[in-house]
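What follows is one structure encoded as structure tokens, with my remarks underneath.
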Amino acid sequence: MCRNIKRLANLDPPATHDEIRDAALQFVRKLSGSSRPSRANQEAFDRAVDEIAEVASELLRSLTSTAPSRTREEEAERARLRSNRRFPEAAAR
């Protein structure tokens, strides 16, 4: 869907409110096709972000997993490796 939305489930420590809200914001931006809504649409845009963040928080709290928790450092390293594979010329710098 959107490359900027990161997986937040099964993290140690758990995803923060800010991380969840950022993901909700990216989701609403993607759905609406707008990164900055007009003043006429700002209230609806903000309400959607708030509601999606709340539902996402509930979802993350209710999920269970038998897999070991992931750390942000592991996820950052995986992202660096993916980037290096996609853009080898940038990795060489």
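Residue names in the structure tokens use chain letters A, B, ... in the order shown, residue numbers from 1 in each chain, and ligand numbers from 1 in the order shown.
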Quick one: residues within 7 Å of range 49-59 of chain A, only C-alpha atoms, excluding same-chain residues fewer than 5 positions away - as a list in words?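 Everything that qualifies: Ile20, Arg21, Ala24, Leu25 and Val28 of chain A.
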Just want the 8 Å neighbourhood of range 71-88 of chain A, counted on only C-alpha atoms, with same-chain residues fewer than 6 positions away dropped. Output as an MDAnalysis selection string. chainID A and resid 11:13
Would you save the residues of that selection, restricted to C-alpha atoms, as a PDB file, in the first residue's frame?
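Result file follows (part.pdb):
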```pdb
ATOM      1  CA  LEU A  11       7.645  -4.625  18.553  1.00  0.00           C
ATOM      2  CA  ASP A  12       9.683  -4.501  21.738  1.00  0.00           C
ATOM      3  CA  PRO A  13       9.093  -1.960  23.208  1.00  0.00           C
TER       4      PRO A  13
END
```
Counting only C-alpha atoms, the residue among A:Thr66, A:Ala40, A:Arg47, A:Glu89 that lies closest to Asn10 in chain A is A:Thr66
For the helix (DSSP H, G or I) assignment from backbone DSSP, which residues of chain A qualify? Please present them as a ChimeraX atom specification. /A:17-32,39-62,72-86,88-91
Measure the distance from CA of Arg7 in chain A to CA of Ala90 in chain A in Å and round it to one decimal.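 Straight-line distance from CA of Arg7 in chain A to CA of Ala90 in chain A works out to 24.7 Å.
Of note, CA of Ala9 in chain A and CA of Leu60 in chain A are spaced 5.9 Å apart.
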All residues 10 Å or closer to Ile5 in chain A, only C-alpha atoms, same chain fewer than 3 positions away omitted, as a PyMOL selection string: chain A and resi 1-2+8+19-20+22-27
